[in-house]
Amino acid sequence: RSVREQISGEMWEAINTLFLLVRGANRRAVSRGPHAFFEELRNGAHLFQGTADATMTHGDPYEFIRLGLQLERAAKTVRIVASRYPVAVALDEDDPARARQLISILESCSAFEAFVKRHGTLFEPAAMAEQLVRSADFPRAVRYCLASSLDAVSRISSDQGAPHRILGRLVAGLEYGEAGDVSGPAMTETLRELLSG
């Protein structure tokens with residue numbers, strides 16, 4: 001309620017709809033089959049973000065919302081890849097479980113369709129790492145999210161303080177780093193650095 005004056009009426013409705021969805025959820029039914037519930041949550045979050053973009057003045061409050069969204073997305077992608085990528089690449093190249101693991105990572109990051117459109121159905125770890133970590137145009141890629149975060153911070157304040165430097169260093173590292181930094185054995189160290197950054 002403390003931010004009620006900062007957001008649009010449509011955003012308030014979207015938040016209340018999500019609140020009522022969660023409050024009214026049948027815990028037993030959700031625990032037995034959570035897919036439909038999580039799909040509703042995801043769609044509600046997309047509705048909120050789209051409503052914010054379309055109905056809110058794009059000043060500092062909006063940029064803080066955008067900053068939070070992008071940092072959260074980057075962190076989620078890093079955590080998913082960090083926890084599951086090493087397991088997938090440790091499997092033998094001919095093992096069908098390897099492709100299933102890589103597909104699962106892409107689906108967890110809402111990246112499966114975008115990956116297939118760009119790379120086809122050959123699920124190579126290096127190409128997947130590029131898509132999820134270094135892509136400049138995929139909206140859930142770590143580099144894209146951090147670059148968007150840097151843009152939001154720059155719009156909030158022109159002061160080149162610590163947030164600018166940290167985000168700028170991370171974005172530059174992903175943009176100009178070697179391809180091997182985000183694939184194969186170096187992936188774990190790259191992701192650890194991003195989480196600590």
# chains A, B, ... in the order shown; residues from 1 in each chain; ligands from 1
call {"tool": "select_by_dssp", "arguments": {"residues": "chain A", "states": "alpha helix (DSSP H)", "output": "PyMOL selection string"}}
result
chain A and resi 9-23+27-32+34-55+60-90+96-108+112-119+125-129+142-156+162-176+186-196
call {"tool": "closest_atom_pairs", "arguments": {"of": "region 138-184 of chain A", "to": "region 60-84 of chain A", "cutoff": "6 Å", "atoms": "only C-alpha atoms", "output": "Markdown table"}}
result
| residue | atom | partner | partner_atom | distance |
| --- | --- | --- | --- | --- |
| A:Val142 | CA | A:Ala74 | CA | 4.7 |
| A:Cys145 | CA | A:Gln70 | CA | 4.9 |
| A:Ser149 | CA | A:Leu67 | CA | 5.0 |
| A:Ala152 | CA | A:Glu63 | CA | 5.3 |
| A:Ile156 | CA | A:Asp60 | CA | 5.5 |
call {"tool": "write_last_selection", "arguments": {"atoms": "N, CA and C atoms", "output": "PDB file, in the first residue's frame"}}
result
ATOM      1  N   VAL A 142      21.962 -13.359 -19.247  1.00  0.00           N
ATOM      2  CA  VAL A 142      22.603 -12.602 -18.174  1.00  0.00           C
ATOM      3  C   VAL A 142      23.137 -11.266 -18.689  1.00  0.00           C
ATOM      4  N   CYS A 145      20.297  -8.785 -19.356  1.00  0.00           N
ATOM      5  CA  CYS A 145      19.706  -8.293 -18.106  1.00  0.00           C
ATOM      6  C   CYS A 145      20.623  -7.303 -17.396  1.00  0.00           C
ATOM      7  N   SER A 149      20.041  -3.427 -16.645  1.00  0.00           N
ATOM      8  CA  SER A 149      20.185  -2.907 -15.281  1.00  0.00           C
ATOM      9  C   SER A 149      21.078  -1.677 -15.274  1.00  0.00           C
ATOM     10  N   ALA A 152      19.129   1.224 -16.547  1.00  0.00           N
ATOM     11  CA  ALA A 152      18.188   1.735 -15.540  1.00  0.00           C
ATOM     12  C   ALA A 152      18.917   2.562 -14.485  1.00  0.00           C
ATOM     13  N   ILE A 156      18.461   6.568 -13.529  1.00  0.00           N
ATOM     14  CA  ILE A 156      18.130   7.006 -12.172  1.00  0.00           C
ATOM     15  C   ILE A 156      19.114   8.061 -11.693  1.00  0.00           C
TER      16      ILE A 156
END
call {"tool": "residues_around", "arguments": {"residues": "region 125-138 of chain A", "least_positions_apart": "2", "cutoff": "8 Å", "atoms": "only C-alpha atoms", "output": "PyMOL selection string"}}
result
chain A and resi 77-78+89+102+106+109+111+114-115+119+123+140-144+174-175+179+182-184
call {"tool": "write_last_selection", "arguments": {"atoms": "N, CA and C atoms", "output": "PDB file, in the first residue's frame"}}
result
ATOM      1  N   THR A  77      18.696 -16.741 -13.920  1.00  0.00           N
ATOM      2  CA  THR A  77      19.371 -17.451 -15.005  1.00  0.00           C
ATOM      3  C   THR A  77      20.716 -17.994 -14.539  1.00  0.00           C
ATOM      4  N   VAL A  78      21.484 -17.176 -13.826  1.00  0.00           N
ATOM      5  CA  VAL A  78      22.789 -17.619 -13.329  1.00  0.00           C
ATOM      6  C   VAL A  78      22.631 -18.824 -12.408  1.00  0.00           C
ATOM      7  N   VAL A  89      26.883 -31.230 -18.769  1.00  0.00           N
ATOM      8  CA  VAL A  89      28.104 -31.397 -19.569  1.00  0.00           C
ATOM      9  C   VAL A  89      28.980 -32.542 -19.073  1.00  0.00           C
ATOM     10  N   LEU A 102      20.064 -30.455 -21.061  1.00  0.00           N
ATOM     11  CA  LEU A 102      20.261 -29.149 -21.691  1.00  0.00           C
ATOM     12  C   LEU A 102      18.918 -28.517 -22.068  1.00  0.00           C
ATOM     13  N   LEU A 106      17.196 -24.930 -20.720  1.00  0.00           N
ATOM     14  CA  LEU A 106      16.614 -23.916 -21.603  1.00  0.00           C
ATOM     15  C   LEU A 106      15.159 -23.632 -21.228  1.00  0.00           C
ATOM     16  N   CYS A 109      14.698 -21.521 -18.165  1.00  0.00           N
ATOM     17  CA  CYS A 109      15.026 -20.101 -18.390  1.00  0.00           C
ATOM     18  C   CYS A 109      14.127 -19.469 -19.455  1.00  0.00           C
ATOM     19  N   ALA A 111      13.824 -20.226 -22.487  1.00  0.00           N
ATOM     20  CA  ALA A 111      14.708 -19.955 -23.627  1.00  0.00           C
ATOM     21  C   ALA A 111      14.660 -21.029 -24.709  1.00  0.00           C
ATOM     22  N   ALA A 114      13.476 -19.718 -28.289  1.00  0.00           N
ATOM     23  CA  ALA A 114      14.454 -18.764 -28.828  1.00  0.00           C
ATOM     24  C   ALA A 114      15.729 -19.488 -29.255  1.00  0.00           C
ATOM     25  N   PHE A 115      16.159 -20.483 -28.461  1.00  0.00           N
ATOM     26  CA  PHE A 115      17.366 -21.242 -28.794  1.00  0.00           C
ATOM     27  C   PHE A 115      17.172 -22.025 -30.092  1.00  0.00           C
ATOM     28  N   HIS A 119      19.539 -21.683 -33.150  1.00  0.00           N
ATOM     29  CA  HIS A 119      20.573 -22.720 -33.284  1.00  0.00           C
ATOM     30  C   HIS A 119      20.079 -24.054 -33.818  1.00  0.00           C
ATOM     31  N   PHE A 123      21.617 -29.579 -29.589  1.00  0.00           N
ATOM     32  CA  PHE A 123      21.787 -28.937 -28.286  1.00  0.00           C
ATOM     33  C   PHE A 123      23.229 -29.068 -27.801  1.00  0.00           C
ATOM     34  N   ARG A 140      16.317 -12.869 -21.380  1.00  0.00           N
ATOM     35  CA  ARG A 140      16.633 -13.546 -20.118  1.00  0.00           C
ATOM     36  C   ARG A 140      18.109 -13.928 -20.018  1.00  0.00           C
ATOM     37  N   ALA A 141      18.878 -13.536 -21.000  1.00  0.00           N
ATOM     38  CA  ALA A 141      20.316 -13.782 -20.946  1.00  0.00           C
ATOM     39  C   ALA A 141      20.953 -12.870 -19.904  1.00  0.00           C
ATOM     40  N   VAL A 142      21.962 -13.359 -19.247  1.00  0.00           N
ATOM     41  CA  VAL A 142      22.603 -12.602 -18.174  1.00  0.00           C
ATOM     42  C   VAL A 142      23.137 -11.266 -18.689  1.00  0.00           C
ATOM     43  N   ARG A 143      23.829 -11.290 -19.812  1.00  0.00           N
ATOM     44  CA  ARG A 143      24.392 -10.035 -20.354  1.00  0.00           C
ATOM     45  C   ARG A 143      23.298  -9.029 -20.665  1.00  0.00           C
ATOM     46  N   TYR A 144      22.222  -9.470 -21.312  1.00  0.00           N
ATOM     47  CA  TYR A 144      21.111  -8.570 -21.638  1.00  0.00           C
ATOM     48  C   TYR A 144      20.540  -7.955 -20.364  1.00  0.00           C
ATOM     49  N   LEU A 174      31.292  -9.900 -19.947  1.00  0.00           N
ATOM     50  CA  LEU A 174      30.492 -10.815 -20.768  1.00  0.00           C
ATOM     51  C   LEU A 174      30.571 -10.459 -22.244  1.00  0.00           C
ATOM     52  N   GLU A 175      30.635  -9.170 -22.539  1.00  0.00           N
ATOM     53  CA  GLU A 175      30.675  -8.740 -23.943  1.00  0.00           C
ATOM     54  C   GLU A 175      32.016  -9.053 -24.594  1.00  0.00           C
ATOM     55  N   ALA A 179      34.948 -16.791 -25.572  1.00  0.00           N
ATOM     56  CA  ALA A 179      33.809 -17.707 -25.634  1.00  0.00           C
ATOM     57  C   ALA A 179      33.981 -18.853 -24.655  1.00  0.00           C
ATOM     58  N   VAL A 182      32.434 -18.996 -20.979  1.00  0.00           N
ATOM     59  CA  VAL A 182      31.063 -19.363 -20.647  1.00  0.00           C
ATOM     60  C   VAL A 182      30.684 -20.740 -21.184  1.00  0.00           C
ATOM     61  N   SER A 183      31.660 -21.568 -21.446  1.00  0.00           N
ATOM     62  CA  SER A 183      31.355 -22.932 -21.846  1.00  0.00           C
ATOM     63  C   SER A 183      32.442 -23.843 -21.299  1.00  0.00           C
ATOM     64  N   GLY A 184      32.118 -25.098 -21.227  1.00  0.00           N
ATOM     65  CA  GLY A 184      33.091 -26.064 -20.723  1.00  0.00           C
ATOM     66  C   GLY A 184      33.429 -25.833 -19.264  1.00  0.00           C
TER      67      GLY A 184
END
